[in-house]
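Data block below; observations after.
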Protein chains: 2
Amino acid sequence: MENYNFTLDTAFHALADPTRRAVINRLVEGDAPVKKLAEPFDMGLPAFLKHLRVLEESGLITTRKCGRVRTCRLQPKRLSDAEAWLSEQRELWQAGADRLAAYVENQMREDDDE
Amino acid sequence: MENYNFTLDTAFHALADPTRRAVINRLVEGDAPVKKLAEPFDMGLPAFLKHLRVLEESGLITTRKCGRVRTCRLQPKRLSDAEAWLSEQRELWQAGADRLAAYVENQMREDDDE
DNA sequence: GCTATAGTTCACCATATGGAAAACTATAAT
DNA sequence: ATTATAGTTTTCCATATGGTGAACTATAGC
């Protein structure tokens with residue numbers, strides 16, 4: 001039961017917010033400073049910074065401050081981690097569905113033989 | 001700015017909790033009743049039911065009550081939806097990275113020619 | 001040096017979340 | 001008819017979350 005995966009917890013939590021997903025969707029096109037990232041959103045800088053901090057603590061982005069401007073960069077590895085968990089679950093489910101289908105078909109064949 | 005995607009909001013939010021991910025990870029192996037699902041967890045039924053409701057409202061699972069037992073089933077479509085968003089972001093990022101690499105290489109070639 | 005800019009910190013607020021305990025309902029099982 | 005089982009509802013609590021406005025800091029531009 002060691003399902004305590006801090007990385008997935010924080011990554012999925014970060015992705016659960018539309019503002020934060022929009023930030024990611026902007027950062028896939030390249031690095032950007034806080035000011036620029038915040039522009040499209042109807043909220044104060046403090047609120048926006050909180051979102052950035054959530055993203056940073058999840059590892060989905062990293063930031064670097066040069067002079068007075070902080071630049072944000074996407075960390076695609078963490079996207080892949082989340083994606084990997086999802087695809088694994090989907091594959092496990094698929095395997096079960098296939099097994100079930102094979103079993104059902106097998107039963108039908110036996111019924112035919114009787 | 002129509003980044004208001006209720007499906008992704010609720011799906012990622014549901015996936016952000018280790019208990020709920022463990023439930024999903026159990027349901028990929030097949031349907032199960034509430035009691036059985038709750039067994040491995042150190043919490044009361046009411047708390048566990050809240051998690052199930054979060055999963056159900058997100059569309060990640062569906063439930064059906066027969067007699068006094070409620071059976072839970074995974075809805076893999078929603079897993080795919082979340083996975084699709086992630087893979088799209090990764091692909092967009094990859095495209096940008098490729099463009100950048102091509103540009104850099106091009107610049108280096110120009111430098112050689114001078 | 002003055003001022004505008006980019007970000008940061010702080011105090012505050014309403015609501016959401018994850019949990020507990022207790023009381024209740026409906027259906028099997030004997 | 002009793003009793004055990006499976007789930008449900010309700011009330012309550014502490015903490016987390018997402019936002020605000022105001023005050024502050026550090027750097028860039030003139």
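Identifiers for the structure tokens are assigned positionally: chains receive A, B, ... in sequence, residues are indexed from 1 per chain, and ligands are indexed from 1 in the order shown.
Around Asn25 in chain A, within 12 Å and counting only C-alpha atoms (C1' of nucleotides), the residues found are Leu15, Pro18, Thr19, Asp31, Ala32, Leu37, Leu60, Ile61, Arg73, Leu74, Pro76 and Leu79 of chain A; Met1, Asn3, Trp85, Leu86, Ser87, Glu88, Gln89, Arg90, Glu91, Leu92 and Trp93 of chain B, once anything fewer than 6 positions away on its own chain is removed.
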Generate the output file for the selected residues, C-alpha atoms, as a PDB file, in the first residue's frame.
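Contents of part.pdb, freshly written:
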ATOM      1  CA  LEU A  15      -2.869  20.496 -13.066  1.00  0.00           C
ATOM      2  CA  PRO A  18      -7.427  26.091 -15.218  1.00  0.00           C
ATOM      3  CA  THR A  19      -5.112  29.046 -14.564  1.00  0.00           C
ATOM      4  CA  ASP A  31      10.206  30.504 -21.397  1.00  0.00           C
ATOM      5  CA  ALA A  32       8.408  33.609 -20.164  1.00  0.00           C
ATOM      6  CA  LEU A  37       2.503  35.061 -17.969  1.00  0.00           C
ATOM      7  CA  LEU A  60       6.263  21.159 -13.413  1.00  0.00           C
ATOM      8  CA  ILE A  61       8.143  24.414 -13.886  1.00  0.00           C
ATOM      9  CA  ARG A  73      10.477  27.381 -17.775  1.00  0.00           C
ATOM     10  CA  LEU A  74       8.465  24.229 -18.284  1.00  0.00           C
ATOM     11  CA  PRO A  76       8.429  18.428 -19.354  1.00  0.00           C
ATOM     12  CA  LEU A  79       4.344  16.080 -17.453  1.00  0.00           C
TER      13      LEU A  79
ATOM     14  CA  MET B   1      -9.117  32.473 -22.850  1.00  0.00           C
ATOM     15  CA  ASN B   3      -9.580  27.519 -20.721  1.00  0.00           C
ATOM     16  CA  TRP B  85      -4.127  16.780 -22.595  1.00  0.00           C
ATOM     17  CA  LEU B  86      -0.761  15.858 -21.132  1.00  0.00           C
ATOM     18  CA  SER B  87       0.547  14.262 -24.297  1.00  0.00           C
ATOM     19  CA  GLU B  88      -0.586  17.257 -26.320  1.00  0.00           C
ATOM     20  CA  GLN B  89       1.357  19.610 -24.091  1.00  0.00           C
ATOM     21  CA  ARG B  90       4.405  17.389 -24.311  1.00  0.00           C
ATOM     22  CA  GLU B  91       4.158  17.293 -28.088  1.00  0.00           C
ATOM     23  CA  LEU B  92       3.802  21.062 -28.352  1.00  0.00           C
ATOM     24  CA  TRP B  93       6.864  21.453 -26.171  1.00  0.00           C
TER      25      TRP B  93
END
Give the residues of chain D that lie within 12 Å of chain A; count only C-alpha atoms (C1' of nucleotides), and format the answer as a PDB file with N, CA, C and O atoms (P, O5', C5', C4', C3', O3' and C1' of nucleotides), in the first residue's frame.
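Result written to out.pdb:
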ATOM      1  P    DT D  17      -3.257  23.146  -0.422  1.00  0.00           P
ATOM      2  O5'  DT D  17      -4.381  24.140  -0.936  1.00  0.00           O
ATOM      3  C5'  DT D  17      -5.650  23.607  -1.281  1.00  0.00           C
ATOM      4  C4'  DT D  17      -6.506  24.731  -1.833  1.00  0.00           C
ATOM      5  C3'  DT D  17      -5.760  25.640  -2.813  1.00  0.00           C
ATOM      6  O3'  DT D  17      -6.506  25.633  -4.023  1.00  0.00           O
ATOM      7  C1'  DT D  17      -6.925  26.902  -1.192  1.00  0.00           C
ATOM      8  P    DG D  18      -5.969  26.312  -5.369  1.00  0.00           P
ATOM      9  O5'  DG D  18      -6.701  27.723  -5.358  1.00  0.00           O
ATOM     10  C5'  DG D  18      -8.108  27.783  -5.481  1.00  0.00           C
ATOM     11  C4'  DG D  18      -8.524  29.229  -5.420  1.00  0.00           C
ATOM     12  C3'  DG D  18      -7.635  30.150  -6.270  1.00  0.00           C
ATOM     13  O3'  DG D  18      -8.473  31.041  -6.994  1.00  0.00           O
ATOM     14  C1'  DG D  18      -7.692  30.905  -4.043  1.00  0.00           C
ATOM     15  P    DG D  19      -7.826  32.004  -8.113  1.00  0.00           P
ATOM     16  O5'  DG D  19      -7.801  33.447  -7.414  1.00  0.00           O
ATOM     17  C5'  DG D  19      -8.992  34.160  -7.313  1.00  0.00           C
ATOM     18  C4'  DG D  19      -9.068  35.016  -6.060  1.00  0.00           C
ATOM     19  C3'  DG D  19      -8.237  36.301  -6.012  1.00  0.00           C
ATOM     20  O3'  DG D  19      -8.804  37.315  -6.829  1.00  0.00           O
ATOM     21  C1'  DG D  19      -8.486  35.286  -3.868  1.00  0.00           C
ATOM     22  P    DT D  20      -8.022  38.702  -7.057  1.00  0.00           P
ATOM     23  O5'  DT D  20      -8.246  39.476  -5.674  1.00  0.00           O
ATOM     24  C5'  DT D  20      -9.568  39.833  -5.236  1.00  0.00           C
ATOM     25  C4'  DT D  20      -9.445  40.566  -3.909  1.00  0.00           C
ATOM     26  C3'  DT D  20      -8.540  41.791  -3.999  1.00  0.00           C
ATOM     27  O3'  DT D  20      -9.323  42.939  -4.232  1.00  0.00           O
ATOM     28  C1'  DT D  20      -8.012  40.454  -2.075  1.00  0.00           C
ATOM     29  P    DG D  21      -8.594  44.295  -4.767  1.00  0.00           P
ATOM     30  O5'  DG D  21      -7.956  44.904  -3.427  1.00  0.00           O
ATOM     31  C5'  DG D  21      -8.735  45.038  -2.244  1.00  0.00           C
ATOM     32  C4'  DG D  21      -7.842  45.607  -1.155  1.00  0.00           C
ATOM     33  C3'  DG D  21      -7.001  46.801  -1.612  1.00  0.00           C
ATOM     34  O3'  DG D  21      -6.925  47.740  -0.532  1.00  0.00           O
ATOM     35  C1'  DG D  21      -5.557  45.064  -0.905  1.00  0.00           C
ATOM     36  P    DA D  22      -6.148  49.167  -0.807  1.00  0.00           P
ATOM     37  O5'  DA D  22      -4.866  49.045   0.140  1.00  0.00           O
ATOM     38  C5'  DA D  22      -4.996  48.354   1.380  1.00  0.00           C
ATOM     39  C4'  DA D  22      -3.646  48.330   2.061  1.00  0.00           C
ATOM     40  C3'  DA D  22      -2.743  49.511   1.702  1.00  0.00           C
ATOM     41  O3'  DA D  22      -1.958  49.865   2.827  1.00  0.00           O
ATOM     42  C1'  DA D  22      -1.690  47.507   1.031  1.00  0.00           C
ATOM     43  P    DT D  25      11.395  47.525   2.629  1.00  0.00           P
ATOM     44  O5'  DT D  25      11.682  46.722   1.287  1.00  0.00           O
ATOM     45  C5'  DT D  25      11.593  45.296   1.287  1.00  0.00           C
ATOM     46  C4'  DT D  25      12.303  44.780   0.054  1.00  0.00           C
ATOM     47  C3'  DT D  25      13.617  45.492  -0.235  1.00  0.00           C
ATOM     48  O3'  DT D  25      14.531  44.509  -0.678  1.00  0.00           O
ATOM     49  C1'  DT D  25      12.168  45.742  -2.089  1.00  0.00           C
ATOM     50  P    DA D  26      16.104  44.829  -0.818  1.00  0.00           P
ATOM     51  O5'  DA D  26      16.365  44.645  -2.373  1.00  0.00           O
ATOM     52  C5'  DA D  26      15.824  43.504  -3.030  1.00  0.00           C
ATOM     53  C4'  DA D  26      15.782  43.797  -4.514  1.00  0.00           C
ATOM     54  C3'  DA D  26      17.047  44.496  -5.028  1.00  0.00           C
ATOM     55  O3'  DA D  26      17.315  43.947  -6.290  1.00  0.00           O
ATOM     56  C1'  DA D  26      15.187  45.729  -5.647  1.00  0.00           C
ATOM     57  P    DT D  27      18.852  43.893  -6.837  1.00  0.00           P
ATOM     58  O5'  DT D  27      18.698  44.488  -8.300  1.00  0.00           O
ATOM     59  C5'  DT D  27      17.865  43.765  -9.191  1.00  0.00           C
ATOM     60  C4'  DT D  27      17.212  44.727 -10.132  1.00  0.00           C
ATOM     61  C3'  DT D  27      18.219  45.495 -11.015  1.00  0.00           C
ATOM     62  O3'  DT D  27      17.822  45.253 -12.325  1.00  0.00           O
ATOM     63  C1'  DT D  27      16.531  46.911 -10.231  1.00  0.00           C
ATOM     64  P    DA D  28      18.874  45.266 -13.584  1.00  0.00           P
ATOM     65  O5'  DA D  28      18.150  46.293 -14.566  1.00  0.00           O
ATOM     66  C5'  DA D  28      16.761  46.096 -14.775  1.00  0.00           C
ATOM     67  C4'  DA D  28      16.150  47.281 -15.472  1.00  0.00           C
ATOM     68  C3'  DA D  28      17.071  47.998 -16.459  1.00  0.00           C
ATOM     69  O3'  DA D  28      16.300  48.225 -17.622  1.00  0.00           O
ATOM     70  C1'  DA D  28      16.273  49.536 -14.821  1.00  0.00           C
TER      71       DA D  28
END
DSSP helix (DSSP H, G or I) selection over chain B, as number ranges by chain: B: 6-15, 18-27, 34-38, 45-57, 76-113
Contacts between chain B and chain C, please, where a residue of chain C counts if it comes within 9 Å (with only C-alpha atoms (C1' of nucleotides)); show its shortest atom pair and distance in Å to one decimal, rows by chain and ascending number, as CSV.
residue,atom,partner,partner_atom,distance
C:DG18,C1',B:Ala47,CA,7.2
C:DG19,C1',B:Ala47,CA,6.3
C:DA20,C1',B:Gly44,CA,7.8
C:DA26,C1',B:Arg68,CA,6.9
C:DT27,C1',B:Arg68,CA,5.4
C:DA28,C1',B:Arg68,CA,8.4
Writing out the chosen residues with all heavy atoms as a compact mmCIF listing (two decimals), in the first residue's frame:
# COMPACT_ATOMS: atom_id res chain seq x y z
P DG C 18 -9.81 16.25 -0.69
OP1 DG C 18 -8.61 15.86 -1.47
OP2 DG C 18 -11.16 15.82 -1.13
O5' DG C 18 -9.60 15.76 0.80
C5' DG C 18 -8.40 16.09 1.49
C4' DG C 18 -8.49 15.54 2.88
O4' DG C 18 -9.44 16.33 3.62
C3' DG C 18 -9.01 14.09 2.92
O3' DG C 18 -8.24 13.36 3.88
C2' DG C 18 -10.47 14.25 3.35
C1' DG C 18 -10.37 15.48 4.24
N9 DG C 18 -11.61 16.24 4.41
C8 DG C 18 -12.63 16.41 3.50
N7 DG C 18 -13.62 17.13 3.96
C5 DG C 18 -13.22 17.46 5.25
C6 DG C 18 -13.89 18.23 6.25
O6 DG C 18 -14.99 18.79 6.19
N1 DG C 18 -13.14 18.32 7.42
C2 DG C 18 -11.91 17.73 7.60
N2 DG C 18 -11.34 17.92 8.80
N3 DG C 18 -11.28 17.02 6.68
C4 DG C 18 -12.00 16.92 5.54
P DG C 19 -8.46 11.76 3.97
OP1 DG C 19 -7.11 11.17 4.09
OP2 DG C 19 -9.35 11.33 2.88
O5' DG C 19 -9.26 11.57 5.34
C5' DG C 19 -8.58 11.75 6.56
C4' DG C 19 -9.49 12.23 7.65
O4' DG C 19 -10.31 13.32 7.21
C3' DG C 19 -10.54 11.26 8.19
O3' DG C 19 -9.95 10.31 9.08
C2' DG C 19 -11.46 12.19 8.94
C1' DG C 19 -11.26 13.55 8.24
N9 DG C 19 -12.50 14.04 7.66
C8 DG C 19 -12.94 13.93 6.37
N7 DG C 19 -14.10 14.49 6.17
C5 DG C 19 -14.45 15.00 7.42
C6 DG C 19 -15.61 15.71 7.83
O6 DG C 19 -16.59 16.05 7.15
N1 DG C 19 -15.56 16.04 9.18
C2 DG C 19 -14.52 15.71 10.03
N2 DG C 19 -14.65 16.11 11.29
N3 DG C 19 -13.45 15.06 9.65
C4 DG C 19 -13.47 14.73 8.34
P DA C 20 -10.87 9.20 9.79
OP1 DA C 20 -9.97 8.26 10.49
OP2 DA C 20 -11.87 8.72 8.82
O5' DA C 20 -11.66 10.06 10.90
C5' DA C 20 -10.92 10.73 11.92
C4' DA C 20 -11.91 11.19 12.98
O4' DA C 20 -12.77 12.18 12.38
C3' DA C 20 -12.79 10.04 13.46
O3' DA C 20 -12.69 9.86 14.85
C2' DA C 20 -14.21 10.43 13.06
C1' DA C 20 -14.12 11.88 12.66
N9 DA C 20 -14.86 12.07 11.41
C8 DA C 20 -14.56 11.59 10.16
N7 DA C 20 -15.43 11.93 9.24
C5 DA C 20 -16.37 12.67 9.93
C6 DA C 20 -17.56 13.32 9.52
N6 DA C 20 -18.00 13.31 8.28
N1 DA C 20 -18.26 13.97 10.47
C2 DA C 20 -17.79 13.99 11.73
N3 DA C 20 -16.70 13.42 12.24
C4 DA C 20 -16.03 12.78 11.26
P DA C 26 -35.36 3.33 3.97
OP1 DA C 26 -35.92 4.25 2.96
OP2 DA C 26 -36.20 2.79 5.07
O5' DA C 26 -34.71 2.10 3.22
C5' DA C 26 -33.59 2.34 2.38
C4' DA C 26 -32.88 1.03 2.16
O4' DA C 26 -32.14 0.67 3.35
C3' DA C 26 -33.83 -0.14 1.90
O3' DA C 26 -33.21 -0.93 0.91
C2' DA C 26 -33.84 -0.90 3.22
C1' DA C 26 -32.40 -0.70 3.64
N9 DA C 26 -32.08 -0.89 5.05
C8 DA C 26 -32.76 -0.47 6.17
N7 DA C 26 -32.18 -0.80 7.30
C5 DA C 26 -31.05 -1.50 6.91
C6 DA C 26 -30.02 -2.12 7.64
N6 DA C 26 -29.95 -2.13 8.97
N1 DA C 26 -29.04 -2.72 6.91
C2 DA C 26 -29.10 -2.72 5.58
N3 DA C 26 -30.02 -2.16 4.80
C4 DA C 26 -30.98 -1.56 5.53
P DT C 27 -34.13 -1.86 -0.08
OP1 DT C 27 -33.90 -1.39 -1.45
OP2 DT C 27 -35.49 -1.97 0.48
O5' DT C 27 -33.40 -3.28 0.04
C5' DT C 27 -32.05 -3.35 -0.37
C4' DT C 27 -31.33 -4.42 0.41
O4' DT C 27 -31.38 -4.15 1.83
C3' DT C 27 -31.92 -5.82 0.23
O3' DT C 27 -30.83 -6.67 -0.05
C2' DT C 27 -32.51 -6.13 1.61
C1' DT C 27 -31.48 -5.41 2.46
N1 DT C 27 -31.82 -5.16 3.90
C2 DT C 27 -30.92 -5.61 4.84
O2 DT C 27 -29.89 -6.18 4.56
N3 DT C 27 -31.27 -5.35 6.14
C4 DT C 27 -32.41 -4.69 6.59
O4 DT C 27 -32.61 -4.53 7.79
C5 DT C 27 -33.31 -4.25 5.55
C7 DT C 27 -34.59 -3.54 5.91
C6 DT C 27 -32.97 -4.50 4.27
P DA C 28 -30.90 -7.80 -1.23
OP1 DA C 28 -29.59 -7.85 -1.85
OP2 DA C 28 -32.15 -7.56 -1.99
O5' DA C 28 -31.05 -9.22 -0.53
C5' DA C 28 -30.88 -9.31 0.81
C4' DA C 28 -29.45 -9.75 1.18
O4' DA C 28 -29.21 -9.24 2.50
C3' DA C 28 -29.37 -11.24 1.31
O3' DA C 28 -28.03 -11.69 1.39
C2' DA C 28 -30.10 -11.45 2.63
C1' DA C 28 -29.68 -10.20 3.43
N9 DA C 28 -30.80 -9.57 4.16
C8 DA C 28 -31.94 -9.00 3.66
N7 DA C 28 -32.74 -8.51 4.59
C5 DA C 28 -32.06 -8.78 5.77
C6 DA C 28 -32.38 -8.53 7.13
N6 DA C 28 -33.50 -7.90 7.52
N1 DA C 28 -31.51 -8.94 8.06
C2 DA C 28 -30.38 -9.56 7.66
N3 DA C 28 -29.96 -9.86 6.43
C4 DA C 28 -30.87 -9.44 5.53
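Each of D:DA14, D:DA23, D:DA6, D:DA1 was compared to DA11 in chain C using only C-alpha atoms (C1' of nucleotides), and D:DA23 turns out to be the nearest.
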DSSP strand (DSSP E or B) residues within chain B, listed as a PyMOL selection string: chain B and resi 32-33+61-66+69-74
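Reported to one decimal place, the separation of CA of Arg26 in chain A from C1' of DA6 in chain C is 19.6 Å.
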Contacts of Ser58 in chain B within 9 Å, only C-alpha atoms (C1' of nucleotides), excl. fewer than 5 positions in-chain, as a PyMOL selection string: chain B and resi 6-14+53+78
